[in-house]
Structures are given as structure tokens and as C-alpha cells.
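Everything on this sheet refers to the single structure shown next.
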Amino acid sequence: MAKTAWPAPDRRKLIGSYTSRLDGPQKATGAAKYAFDINRPDMLYAKILQCPHGNCKVLEVDTKEAEAMKGVAAVLVEKDARSGALPEITFAGDTVATVAAVTEEIAYEALAKIKVKYEVKPPLMDDRNPANVSGRESKTATGDAVAGFAAADTTIEGYYGLACVTHCCLEAHGQVCEWRDGDLYVWPSTQNVSGYAGGVKDTAALPLEKIHVDCQYMGGGFGSKFAADAWGNIGVTLSKMTGKPVKLMLDRDQELKIAGNRPSSYAKVKVGVKKDGTITAWDSNCWGSGGQQRFSLRTLPYVFTGIPNQNTLANGVITNRGAQRAWRAPNHPQGCLITMAALEDAAAAIGMDSLEFFKKNLSLTDKADIYAEQLDIAAEMIGYKQKAHLRGDKTPGPIKKGIGMSMHTWGGKGHPSQCSVTINPDGSVVAQLGSQDLGTGTRTAITMVVAETLGIPMDKVRTELGKNSYPASGASGGSTTIGGVSASSRDASTKALNVLLDKVAASLGVPKDNLEAWDGKIQEVGNPAKSVAWEKACSMMGMMPITQQGSNPPGDLTELTTDGVGGVQMAEVSVDIETGVVRMENYAVVQDVGLIIDMKTAESQLFGAMVMGVTYALYEEAIYDNKTGAMLNSDMEFYRLAGLGDIGNFKVHFMTDEKYQSRGVIGLGEPPVISPGAAISNAVANAIGVRVSELPLTPDRVLAALNQGGVA
Amino acid sequence: MPNKDEHLDASGISRRGFLKGVGAASAATALLTGAQEMKEAAAQAAAPAEMGPGNVTIMLDVNGIQHKVEVEPRVTLLDALRNRLDLTGTKKVCDRGTCGACTCMVDGDLAYSCSMLAVEAVGRKITTIEGLGTPDKLSDIQKAFIEHDALQCGFCTPGFVMATTAFVKAHPNATLEEVRKGMGGNLCRCGTYAGITQVALGTPAYVKGGA
């Protein structure tokens with residue numbers, strides 16, 4: 001009888017191997033069909049008229065000319081959901097009206113013919129001004145901060161911040177909708193295949209079983225694609241109005257304006273520290289904006305949660321931007337930057353080496369042993385001993401080098417997931433689940449788990465996901481997918497195998513409890529001499545396939561997936577103090593993450609997080625006009641992503657000792673993206689001898705900081 | 001001033017106005033000397049001075065196949081490929097020549113198909129990602145992308161495969177510095193640059209832990 005627990009290290013052929021992703025051939029040849037690529041017969045293209053104002057009331061929308069245009073099938077004017085009146089609009093880029101036409105070009109032209117009258121009001125955009133907070137504050141206090149600061153030899157006071165950044169998924173948000181025989185078919189770009197239909201069912205006025213969702217490939221989500229969104233419902237309505245399939249994908253500028261932002265965060269921090277590096281007290285006053293959604297950052301102090309004598313205050317500014325969306329590791333990059341920068345400033349203030357300072361204070365974290373091990377590995381990887389210097393590179397010349405470090409933590413427990421596994425009489429196997437592959441390698445990992453469990457090669461297993469008709473599986477967010485789907489597919493394939501073992505036991509003359517699937521055979525445990533080949537074994541089931549359902553149940557942790565990981569990163573940068581340009585030199589990523597299914601796609605997650613980290617550390621910032629509320633850089637020239645030449649050299653290291661692996665599978669998407677902002681900011685401070693207060697570390701900010709001091 | 005019924009893009013230049021300009025520009029052909037400029041000038045001279053605003057019928061040579069396409073003159077090559085020919089491997093991301101997701105080859109040179117009109121591509125040989133290989137018959141570069149896991153969500157991948165294919169052909173033994181400079185015309189959000197760098201360097205097998 002096969003057990004559900006993960007196999008012992010010496011019984012793993014696939015799990016933990018470097019395996020290429022299975023959908024690579026489709027993606028590398030352009031054969032993969034994303035939502036954006038779905039073309040249906042007689043399909044209409046929908047385009048959105050965006051509101052240019054951050055705060056206004058729509059008074060009048062004249063669509064006559066647009067509707068009269070040849071090729072325009074429908075014009076839909078946005079109304080307030082409750083009153084049915086023309087809407088109040090609270091962020092620029094929001095939808096005023098949508099046109100569906102036979103070509104994109106006609107749809108754009110029709111948009112230009114819609115006449116709108118607005119009553120324009122001043123927007124509130126300035127989230128850097130703490131006077132603009134909304135008043136719903138969150139306060140914590142532990143110990144005695146007054147006494148803590150009194151006990152300090154030095155108290156540093158710093159200001160740190162991160163601007164709002166957007167998700168900038170390369171595949172814009174959107175979907176294709178089609179009504180056929182009374183049912184609704186939707187091809188969305190979504191992180192939430194099983195849950196998507198609930199977001200359009202009221203608009204469709206259909207029972208959920210009549211809404212069919214299909215997402216085989218999706219071009220990036222990063223936390224911004226959980227809901228059907230307003231445009232999903234507009235698409236459903238336009239398709240219903242016209243009786244034709246409708247493709248509605250956001251334009252790039254709208255994607256950047258309203259399809260996702262990460263809340264800004266700013267903080268004034270005081271840290272009390274003794275000469276020997278002992279931290280005695282923490283005080284932070286933090287504010288930021290989640291746009292139209294209330295937000296306050298409650299992740300301070302980050303990782304070093306055990307700092308004695310803390311006062312924290314957190315508050316939010318309601319600005320005229322779209323509502324925040326989860327952005328890879330919500331609230332952690334912000335908490336991490338503010339904390340690690342303040343602590344590194346404290347180390348610099350007492351003239352202590354950063355690595356020594358962080359190591360000395362690890363008892364204030366809840367993973368002291370793990371971080372200690374990881375700090376040593378990262379230091380070795382980046383050559384810390386050879387390169388490290390105290391704050392301020394004193395070597396001559398305009399190029400200054402520095403190393404910075406940071407630590408992070410994340411949960412990553414598997415989400416509830418169900419999976420069905422069918423073993424066919426010819427030995428072929430199908431796994432089905434209503435999950436999705438965001439590019440993380442989910443499809444590949446599930447196939448590896450099922451093949452490993454059944455002791456067969458991966459090409460005998462087909463994994464089908466991306467449809468809501470398959471067993472429900474959770475949305476892909478918060479690094480919960482791999483834990484969820486690996487557990488449910490392990491459970492389902494183990495159950496299916498046990499049914500098969502039952503059928504094979506008699507003919508082998510071995511009790512089923514003493515059988516195993518290994519190396520393409522069903523055999524007596526440890527005895528290949530007493531075995532039957534996989535295909536032969538499957539043929540013994542007769543005509544009927546075996547189908548079993550498995551799950552990762554909601555609730556308590558199981559033996560298959562746990563949570564809570566730690567990571568350390570070190571960055572080496574060079575800064576040109578004449579131009580303010582920061583260049584990445586080397587980067588070391590050390591991460592513990594439990595049992596890794598596919599080492600290759602897992603390493604890609606680390607590389608990818610690192611690149612995204614460099615991007616928000618050095619380049620990314622959504623810039624808004626305080627007067628109109630408009631986003632000023634809603635394109636990819638001025639909303640800049642790091643390119644291939646911007647990232648320097650980087651190395652990644654997983655903690656793969658059995659003591660880590662025995663914890664089970666834990667998600668990996670979020671943890672490594674948390675530290676880069678802090679590590680790179682600390683590296684720049686180490687190089688130039690002065691803190692650049694805010695991310696991104698753009699040349700203007702670096703030069704402004706140098707004007708305040710440092711090595712220049 | 002353009003007519004108010006013309007589509008304006010964000011730069012304020014109407015594509016129809018641009019076409020009129022092309023007609024005038026062809027008069028300057030004699031001043032051009034570079035081979036590529038001559039090629040472009042020849043294509044421009046071959047096009048009528050003014051087209052549209054309605055559909056025109058054009059022939060596009062895509063992956064060696066002649067396609068008859070009805071498009072308005074303002075339609076980009078990218079949109080013609082995706083919306084008229086269902087060649088959706090070429091992706092639309094920034095739609096203004098920044099990200100490279102729409103990269104194709106036109107007469108053997110890389111081109112951002114979002115920044116070229118379909119009517120400009122008449123008489124030229126267009127190669128899209130679908131012309132480089134198929135899942136059953138991958139090109140060497142496509143195989144290398146998979147080996148080095150130089151792709152995650154995959155949306156930038158076709159553009160990067162096109163760009164890398166051209167880069168490796170031009171720089172078969174490229175240095176890291178050449179890769180970093182030469183592969184700067186495409187952007188990825190998932191962060192697949194480590195793998196792409198190895199592909200462009202011609203590294204034969206996956207490098208564990210990064211280089």
C-alpha cells in the first residue's frame with residue numbers, strides 16, 4: 001500500500017531534479033494561446049474610453065456619433081451600479097464608456113467620437129505628506145520605549161520610503177467572452193481559474209455551471225489577476241448585447257494606470273542602539289497609500305520582530321488612484337526596506353560592520369539558526385570577506401562600490417486544492433485540476449509528482465488544468481500554489497495507485513501492503529524480481545479506468561505542505577557619484593523553501609524575483625500629476641523595467657539539506673522578491689556613505705542624497 | 001491639423017498623415033546610401049502615396065506564404081498578423097516599440113511589428129515566431145530557451161526568441177558584454193534574463209545556481 005507522505009530522498013527520481021518545463025515548446029514557438037490570442041469567428045474588439053480626471057462626476061455622455069459609425073456594434077456607457085446614474089469617478093483611467101466594433105481601429109476611432117462632460121474636482125494625490133492620512137490609525141506598543149531609548153548609546157532617526165509601483169503584466173488584463181447555446185464561455189487572463197466565474201455570474205445572470213472558464217496560459221499576474229474585474233463584466237455585457245464574441249484586453253496605458261498597484265509606504269523611524277550593537281528600542285511612524293482602498297503597513301519592524309521597547313504607528317492616505325492590488329508578497333517589501341535600512345543605518349552610526357550587526361541581533365528574529373547559516377552562505381557567495389568595508393567607499397575615483405544585505409520571511413503554505421487522477425487500462429495517466437500555470441511551472445511540477453508517485457516517466461502523464469470544470473483548486477497567490485497542487489496531486493495519485501495495487505496483488509502473489517510503484521513497474525517492495533511492468537499491471541484493470549480524487553484540505557498543516565521560510569540576500573553595486581547612476585554588480589540569493597519539486601523552475605523563480613527586485617529598487621515608480629490625478633508615465637518607456645543588461649551577475653542557492661526538505665513543499669513565489677529593495681538600498685548606502693531615503697534609487701535621488709554628505 | 005475623424009495616436013501624429021509624409025519622403029531616395037535605407041526607400045516608393053481611409057487589399061509574404069489581407073492603411077503589421085492572419089505568437093505588449101514582444105524579421109532584419117504599418121511590409125519577406133519552428137520541430141534557439149528555462153509566463157518569449165536568433169547569427173561567439181548590450185531591445189517582467197543570457201552566449205547546458 002502506497003503512502004501519501006513524500007518519498008524518502010533515495011526514493012525520489014523526479015522530485016528535486018532539474019526538469020525543463022513541459023509547456024516550453026508551446027511558449028517558445030508562439031503556439032501557446034493566451035487570452036489575448038483567442039480569436040473567435042465574428043469576434044468584436046472592445047476598447048475603453050478612459051476618464052482623464054482623478055476626481056470628477058460624469059455629467060453627460062453623448063455616444064450618438066460613435067454608435068452611427070459603420071462597424072460599431074455596441075457602445076456601453078458606465079453607470080453607477082446602485083443608482084443607475086452616470087458615475088462619480090475617483091481615479092484617472094477608470095472607464096467612462098466601452099465600444100465594441102468589428103476592428104480595433106474602428107473601436108478606437110469610435111472612442112474619439114464620444115463626447116463627455118465632466119464636473120471636475122481636485123484629486124488628492126500627495127501620499128508623501130503625512131498630514132493627508134485618513135485618520136484610521138493602527139498603533140502598537142511593547143515594553144517601555146522611553147526607557148529603551150534612554151538605555152541607548154546612539155539613536156538614529158531616519159526617513160525611508162517606497163513609491164507606488166504597478167504590476168505591469170506583459171499580457172494585459174482582459175478576456176474574450178462568447179455566448180453559445182445559452183452558456184457563457186470566457187477565456188480570461190487569470191490567477192483564479194476555479195473562482196473566476198463567481199465574478200461575472202451576476203452580470204451574466206447565469207448559474208455557475210453555465211459559465212465555462214478556460215485559461216491555459218497567462219502572461220503574468222503577480223497578484224493583480226484574481227478577480228474578473230469591471231472589464232470582465234463589461235465584456236460579458238457587450239457579448240450579450242451583440243450576440244457575438246468580444247475580446248476586451250486593456251491597452252498598455254490603462255494596464256499601468258488601473259490594473260494593479262502596490263501601495264506606497266513612507267516611514268520615520270528611530271532606532272536605539274548600544275555601542276556593542278545591541279538594539280534597545282524601535283519607534284516608527286509609517287504611512288502610505290493603497291489608492292482608493294484603506295491601507296496601513298503593519299509589518300514593522302520586519303523580521304526583527306523581537307526588538308524590545310517598540311512603538312509603532314501606521315496610517316494610510318486615501319488617494320485618487322485605483323485600489324491597491326496584491327503585489328508579490330504584499331506589505332513585505334515595504335516592511336523589509338524600512339526595517340533593514342533603519343537597522344543598517346544604526347550599524348553605520350556605531351561604526352559596526354553590517355554583517356556582524358545583523359548576526360549579533362538574530363535572536364530578535366524567529367529563525368535565528370536559519371538566518372545565521374544563510375548569512376554565512378551569502379557572504380561566501382558574494383565574497384564579503386574580501387570586499388566588505390564600513391560605510392562609504394574611500395577608494396579614489398567617481399565609481400564607488402558597496403555591499404548591502406537583507407533578510408525576509410514568508411508563509412507559503414499550500415492552498416486548498418483538489419485533483420483527480422485517472423489511470424487508464426493502457427497505462428496512460430491524466431491529472432486534472434482547476435488550477436493555473438502563471439509561468440511558475442505548476443503544470444510541470446504536478447506532472448512530476450504524479451509520475452513520481454506512480455513510478456513512471458513523465459511522458460506517460462498528461463496534466464490538464466486551466467478549466468473550471470476540473471476539480472476546484474485555489475487561486476494562485478501568496479506562494480500557495482505549489483504546496484496545494486503538489487499535495488492534492490500526490491494524494492490523488494497515491495489513492496489511484498492503491499486501487500491499482502489492489503487489482504495487481506493477487507496475480508503477483510504479494511499482499512498489496514507490500515507492493516510499490518518503482519521504475520516503470522509494480523513490484524514487491526525492494527524486489528524488482530517480483531514485479532510486473534506498468535502497462536501490464538494497468539491492463540489487469542479490464543475496461544474501466546481508475547479515477548480517484550485527492551485534496552489538500554483547508555485548515556491545519558499536513559505532512560505534505562508546511563509554511564514559514566527565511567531568506568538572505570546580498571547585493572553588490574557600483575555607484576557613479578558624478579551621474580548618480582547605480583549599477584548592479586553581483587547578487588547572491590539564499591533561500592530555504594522546504595522540499596523542492598523542480599529545481600530548474602524553482603531557480604527561475606529566484607532569478608525572476610531578483611530581476612523584479614532590481615526593477616523596483618532602481619527604476620519603477622508610478623508618477624502621478626497632483627493637479628489632475630493622471631499617471632504621467634503609463635507606458636513602458638517611462639515606466640521602466642530592468643533590461644537584460646541591468647541586472648549584473650547573480651547566483652542563487654537553495655537550502656536543500658534533509659532537515660529543510662523534510663518540512664514538505666512550501667511556496668516560493670513571494671519570499672525572494674522581498675529583500676532586493678532593502679539589500680540594494682543598503683549596498684548603495686555602503687558605497688556612497690549616505691542613505692538614499694526612497695526607492696527607486698534613481699540618479700536624481702542619489703545625487704540629492706550625496707548633496708547631504710557621503711563620500712562626494 | 002489632421003481631420004478630426006482620423007485616428008490620432010498618443011504622439012499626435014495621425015497614421016494617415018504619416019502615410020502622406022512617406023510619399024513625400026520617397027523623393028529624397030537619391031540621397032540615401034545605406035543598403036537598409038535603400039531597401040526601405042524602395043518599399044516606400046512602391047507604396048501608393050495615399051491610401052484609405054477604407055480597406056485596401058494587400059499581399060503579405062509571411063513565413064514564405066503569400067497572404068491576401070484586407071486592412072485599413074492605418075493597421076500595424078502587428079495587428080494585421082494577430083487579428084487578420086491569426087498569427088498570435090507575435091505579442092502585443094507596449095504597442096510603441098519599447099518592449100520587443102512584437103519582434104519579427106522583415107527581409108532578415110529584426111523589426112518591431114507594432115511600429116510598422118502592414119502596408120509598409122508589402123513586398124518584403126516577413127518571418128514571425130511561427131516561422132522559426134513548431135513544438136514538434138524546434139529550432140536550436142528554441143531548444144536552448146527550454147534547456148536554460150529562459151521563459152516563465154512566456155509572453156515575452158517569442159519576441160526574445162526572434163531577437164536571440166538574430167543576435168546569435170550576428171554574434172556567434174558573443175562575450176557577456178556583447179550580450180548585455182545587444183539583447184537590450186526586449187523586456188521581460190518575470191525576470192528570465194539569466195537563462196536568455198546563457199542562450200545568447202551559446203552555453204550548451206543549464207548552469208545550476210546561476211553564473
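Ordered as shown in the C-alpha cells, chains take letters A, B, and onward, while each chain numbers its residues from 1 and ligands are numbered from 1 in the order shown.
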
**Study point:** Spatial neighbours of Gly223 (chain A), max dist 8 Å, only C-alpha atoms, sep filter under 2 positions, as a ChimeraX atom specification
**Key:** /A:167,191,221,225-226,325-328,477-478

Just-selected residues, N, CA and C atoms written as a PDB file, in the first residue's frame:
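Listed below is the output, again.pdb:
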ATOM      1  N   HIS A 167       1.937  46.542 -11.464  1.00  0.00           N
ATOM      2  CA  HIS A 167       2.279  45.151 -11.758  1.00  0.00           C
ATOM      3  C   HIS A 167       2.889  45.010 -13.157  1.00  0.00           C
ATOM      4  N   GLN A 191      -5.431  34.485 -12.482  1.00  0.00           N
ATOM      5  CA  GLN A 191      -4.717  33.675 -11.490  1.00  0.00           C
ATOM      6  C   GLN A 191      -5.695  32.795 -10.714  1.00  0.00           C
ATOM      7  N   GLY A 221       0.803  37.767 -13.672  1.00  0.00           N
ATOM      8  CA  GLY A 221      -0.261  38.259 -12.794  1.00  0.00           C
ATOM      9  C   GLY A 221       0.332  38.995 -11.600  1.00  0.00           C
ATOM     10  N   LYS A 225      -4.331  39.587 -10.778  1.00  0.00           N
ATOM     11  CA  LYS A 225      -5.342  38.974 -11.644  1.00  0.00           C
ATOM     12  C   LYS A 225      -6.194  37.916 -10.926  1.00  0.00           C
ATOM     13  N   PHE A 226      -6.701  38.268  -9.752  1.00  0.00           N
ATOM     14  CA  PHE A 226      -7.568  37.325  -9.049  1.00  0.00           C
ATOM     15  C   PHE A 226      -9.033  37.487  -9.439  1.00  0.00           C
ATOM     16  N   ARG A 325      -3.690  46.444  -5.388  1.00  0.00           N
ATOM     17  CA  ARG A 325      -3.838  45.006  -5.601  1.00  0.00           C
ATOM     18  C   ARG A 325      -2.653  44.318  -4.954  1.00  0.00           C
ATOM     19  N   ALA A 326      -2.882  43.053  -4.588  1.00  0.00           N
ATOM     20  CA  ALA A 326      -1.781  42.285  -4.017  1.00  0.00           C
ATOM     21  C   ALA A 326      -0.623  42.323  -5.009  1.00  0.00           C
ATOM     22  N   TRP A 327       0.527  42.656  -4.540  1.00  0.00           N
ATOM     23  CA  TRP A 327       1.730  42.665  -5.396  1.00  0.00           C
ATOM     24  C   TRP A 327       2.736  41.754  -4.719  1.00  0.00           C
ATOM     25  N   ARG A 328       3.052  40.674  -5.362  1.00  0.00           N
ATOM     26  CA  ARG A 328       4.052  39.705  -4.907  1.00  0.00           C
ATOM     27  C   ARG A 328       4.559  40.011  -3.489  1.00  0.00           C
ATOM     28  N   GLY A 477      -1.858  32.683  -5.511  1.00  0.00           N
ATOM     29  CA  GLY A 477      -1.367  33.901  -4.890  1.00  0.00           C
ATOM     30  C   GLY A 477      -0.714  33.562  -3.569  1.00  0.00           C
ATOM     31  N   GLY A 478       0.205  34.403  -3.140  1.00  0.00           N
ATOM     32  CA  GLY A 478       0.815  34.221  -1.823  1.00  0.00           C
ATOM     33  C   GLY A 478       1.685  32.988  -1.723  1.00  0.00           C
TER      34      GLY A 478
END

Residues of chain B no more than 7 Å from chain A, counting only C-alpha atoms: send them over as a tab-separated table (two decimals) with N, CA and C atoms, in the first residue's frame.
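Once written, iface38.tsv looks like this:
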chain	number	residue	atom	x	y	z
B	7	HIS	N	-7.78	58.80	-36.84
B	7	HIS	CA	-7.31	58.29	-35.55
B	7	HIS	C	-5.97	58.93	-35.20
B	88	THR	N	-0.75	34.60	-33.76
B	88	THR	CA	-0.77	35.28	-32.46
B	88	THR	C	0.49	35.04	-31.64
B	89	GLY	N	1.45	34.34	-32.22
B	89	GLY	CA	2.71	34.16	-31.49
B	89	GLY	C	3.43	35.49	-31.29
B	90	THR	N	3.24	36.39	-32.22
B	90	THR	CA	3.79	37.75	-32.11
B	90	THR	C	2.91	38.52	-31.13
B	93	VAL	N	2.33	44.11	-26.47
B	93	VAL	CA	2.52	44.48	-25.07
B	93	VAL	C	2.53	46.00	-24.92
B	94	CYS	N	3.61	46.67	-25.34
B	94	CYS	CA	3.67	48.12	-25.14
B	94	CYS	C	3.04	48.86	-26.31
B	98	THR	N	8.92	49.68	-27.46
B	98	THR	CA	9.80	49.69	-26.30
B	98	THR	C	10.18	48.28	-25.86
B	129	ILE	N	7.51	34.35	-35.35
B	129	ILE	CA	7.93	33.25	-34.47
B	129	ILE	C	7.43	31.90	-35.02
B	130	GLU	N	6.26	31.90	-35.63
B	130	GLU	CA	5.72	30.65	-36.16
B	130	GLU	C	6.58	30.11	-37.30
B	133	GLY	N	9.99	27.67	-35.95
B	133	GLY	CA	9.91	26.28	-35.51
B	133	GLY	C	8.53	26.00	-34.96
B	134	THR	N	8.26	24.75	-34.71
B	134	THR	CA	6.97	24.35	-34.12
B	134	THR	C	7.27	23.49	-32.89
B	135	PRO	N	6.28	23.25	-32.04
B	135	PRO	CA	6.56	22.43	-30.85
B	135	PRO	C	7.16	21.07	-31.20
B	142	GLN	N	15.20	27.79	-29.92
B	142	GLN	CA	14.01	27.44	-29.13
B	142	GLN	C	14.34	26.31	-28.15
B	146	ILE	N	14.38	26.42	-23.81
B	146	ILE	CA	13.77	25.44	-22.91
B	146	ILE	C	14.82	24.85	-21.97
B	147	GLU	N	15.99	24.51	-22.51
B	147	GLU	CA	17.06	23.94	-21.69
B	147	GLU	C	17.46	24.90	-20.57
B	149	ASP	N	15.69	27.26	-19.31
B	149	ASP	CA	14.48	27.80	-18.68
B	149	ASP	C	14.45	29.33	-18.83
B	152	GLN	N	9.27	32.14	-18.46
B	152	GLN	CA	8.36	31.80	-17.37
B	152	GLN	C	6.94	31.91	-17.89
B	153	CYS	N	6.30	33.09	-17.74
B	153	CYS	CA	4.92	33.17	-18.25
B	153	CYS	C	4.91	32.99	-19.76
B	154	GLY	N	6.00	33.36	-20.41
B	154	GLY	CA	6.14	33.07	-21.84
B	154	GLY	C	5.65	34.17	-22.76
B	155	PHE	N	5.16	35.27	-22.21
B	155	PHE	CA	4.56	36.28	-23.08
B	155	PHE	C	5.61	37.09	-23.84
B	157	THR	N	8.46	35.73	-24.58
B	157	THR	CA	9.36	34.72	-25.13
B	157	THR	C	9.47	34.73	-26.65
B	158	PRO	N	8.35	34.77	-27.39
B	158	PRO	CA	8.51	34.78	-28.85
B	158	PRO	C	9.37	35.94	-29.34
B	161	VAL	N	12.90	35.12	-28.52
B	161	VAL	CA	13.44	34.07	-29.39
B	161	VAL	C	13.84	34.67	-30.74
B	180	ARG	N	24.89	41.69	-23.23
B	180	ARG	CA	24.17	42.69	-22.42
B	180	ARG	C	23.82	43.93	-23.24
B	181	LYS	N	24.69	44.27	-24.15
B	181	LYS	CA	24.39	45.44	-25.00
B	181	LYS	C	23.43	45.05	-26.12
B	183	MET	N	21.28	42.56	-26.47
B	183	MET	CA	19.96	41.99	-26.19
B	183	MET	C	19.10	42.97	-25.38
B	184	GLY	N	19.37	44.24	-25.54
B	184	GLY	CA	18.66	45.25	-24.76
B	184	GLY	C	17.35	45.72	-25.37
B	187	LEU	N	12.08	43.33	-23.32
B	187	LEU	CA	11.86	43.37	-21.87
B	187	LEU	C	11.05	42.17	-21.41
B	189	ARG	N	9.04	40.67	-17.76
B	189	ARG	CA	8.61	41.03	-16.41
B	189	ARG	C	8.86	39.91	-15.41
B	190	CYS	N	8.82	38.67	-15.85
B	190	CYS	CA	9.05	37.55	-14.92
B	190	CYS	C	10.52	37.48	-14.52
B	191	GLY	N	11.40	38.05	-15.33
B	191	GLY	CA	12.81	38.05	-14.98
B	191	GLY	C	13.56	36.83	-15.47
B	192	THR	N	13.46	36.56	-16.77
B	192	THR	CA	14.09	35.36	-17.32
B	192	THR	C	15.46	35.64	-17.94
B	193	TYR	N	16.05	36.77	-17.58
B	193	TYR	CA	17.27	37.21	-18.24
B	193	TYR	C	18.46	36.26	-18.03
B	194	ALA	N	18.50	35.59	-16.89
B	194	ALA	CA	19.65	34.70	-16.63
B	194	ALA	C	19.71	33.62	-17.71
B	209	GLY	N	22.35	27.15	-10.42
B	209	GLY	CA	22.66	28.19	-9.44
B	209	GLY	C	23.09	29.54	-10.01
B	210	GLY	N	23.14	29.63	-11.33
B	210	GLY	CA	23.48	30.91	-11.94
B	210	GLY	C	24.97	31.06	-12.15
B	211	ALA	N	25.30	32.04	-13.02
B	211	ALA	CA	26.71	32.19	-13.40
B	211	ALA	C	27.29	33.47	-12.83

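If you look at CA of Asp657 (chain A) and CA of Pro676 (chain A), they are 24.8 Å away from each other.
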
Review point. Hey, which of A:Ile399, A:Ala267, A:Val510, A:Cys164 ends up closest to Pro301 (chain A)? Count only C-alpha atoms.
Key: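 Residue with the minimum atom-to-atom distance to Pro301 (chain A): A:Ala267.
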
Practice item. Using DSSP on the backbone coordinates, identify all residues within region 507-584 of chain A classified as helix (DSSP H, G or I); present the result as a ChimeraX atom specification. Key: /A:507-508,512-514,534-539

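Across B:Cys188, B:Ala144, B:Leu110, B:Ala121, the tightest approach to Leu201 (chain B) is made by B:Ala144 when counting only C-alpha atoms.
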
Exercise for review: Output as a PyMOL selection string all residues of region 269-437 of chain A that backbone DSSP marks as strand (DSSP E).
Suggested key: chain A and resi 269-273+279-288+310-316+399-410+417-423+429-433

Point to revise | Atom-to-atom span, CA of Met655 (chain A) and CA of Leu454 (chain A), Å | key: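 Straight-line distance from CA of Met655 (chain A) to CA of Leu454 (chain A) works out to 27.2 Å.
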
Review point. Which residue gives the smallest distance to Pro122 (chain A) among A:Phe91, A:Trp6, A:Tyr587, A:Phe149, with only C-alpha atoms counted?
Key: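 Closest residue, counting only C-alpha atoms: A:Phe91.
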
Review point. Distance CA of Val565 (chain A)-CA of Thr409 (chain A), one decimal place?
Key: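 Answer for the CA of Val565 (chain A) to CA of Thr409 (chain A) separation: 5.5 Å.
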
Point to revise | Gly272 (chain A) environment, 12 Å, only C-alpha atoms, sequence neighbours closer than 5 positions dropped, as a VMD selection string | key: chain A and resid 145 to 158 277 to 284 307 to 311 342 to 343 345 to 347 349 to 350

Point to revise | Close residues, Ser296 (chain A) itself excluded, 7 Å, only C-alpha atoms, min 5 positions apart in chain, as a VMD selection string | key: chain A and resid 287 to 288 314 to 316

Practice item. Show which residues sit within 10 Å of Cys286 (chain A), as an MDAnalysis selection string. Count only C-alpha atoms, and ignore same-chain residues fewer than 6 positions away. Key: chainID A and resid 130 137:138 159:161 265:269 296:298 300 312:316 335 338

**Study point:** Among listed residues B:Gly185, B:Pro73, B:Gly202, B:Gly131, nearest Gly100 (chain B) (using only C-alpha atoms)
**Key:**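 Smallest separation from Gly100 (chain B) among the options: B:Gly185.
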
Practice item. Quick one: everything within 6 Å of region 93-98 of chain A, counting only C-alpha atoms, minus sequence neighbours fewer than 3 positions away in the same chain. Send it as a PyMOL selection string. Key: chain A and resi 47-51+75-78

Can you write just those residues out, N, CA, C and O atoms, as a short mmCIF file (atom, residue, chain, number, x, y, z; two decimals), in the first residue's frame?
data_model
loop_
_atom_site.label_atom_id
_atom_site.label_comp_id
_atom_site.auth_asym_id
_atom_site.auth_seq_id
_atom_site.Cartn_x
_atom_site.Cartn_y
_atom_site.Cartn_z
N LYS A 47 -12.92 48.42 -26.87
CA LYS A 47 -11.92 49.37 -26.37
C LYS A 47 -12.61 50.33 -25.40
O LYS A 47 -13.77 50.70 -25.57
N ILE A 48 -11.83 50.76 -24.43
CA ILE A 48 -12.39 51.53 -23.31
C ILE A 48 -12.05 53.01 -23.42
O ILE A 48 -10.88 53.36 -23.67
N LEU A 49 -13.04 53.85 -23.23
CA LEU A 49 -12.80 55.30 -23.10
C LEU A 49 -12.47 55.58 -21.64
O LEU A 49 -13.30 55.36 -20.75
N GLN A 50 -11.24 56.05 -21.41
CA GLN A 50 -10.80 56.28 -20.04
C GLN A 50 -11.08 57.70 -19.59
O GLN A 50 -10.95 58.64 -20.37
N CYS A 51 -11.40 57.82 -18.32
CA CYS A 51 -11.58 59.14 -17.75
C CYS A 51 -10.22 59.80 -17.52
O CYS A 51 -9.33 59.19 -16.93
N VAL A 75 -22.17 50.39 -28.00
CA VAL A 75 -21.49 51.33 -27.12
C VAL A 75 -22.14 51.20 -25.75
O VAL A 75 -23.37 51.26 -25.63
N LEU A 76 -21.32 50.98 -24.76
CA LEU A 76 -21.84 50.77 -23.40
C LEU A 76 -21.32 51.90 -22.52
O LEU A 76 -20.11 52.08 -22.37
N VAL A 77 -22.24 52.65 -21.93
CA VAL A 77 -21.85 53.76 -21.05
C VAL A 77 -21.88 53.27 -19.61
O VAL A 77 -22.84 52.61 -19.19
N GLU A 78 -20.83 53.58 -18.87
CA GLU A 78 -20.75 53.15 -17.47
C GLU A 78 -21.79 53.88 -16.63
O GLU A 78 -21.97 55.10 -16.76
#

Review point. Which of these, B:Ala101, B:Arg124, B:Ala166, B:Lys143, has the shortest distance to Ile65 (chain B) once you count only C-alpha atoms?
Key: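 Closest candidate: B:Arg124.
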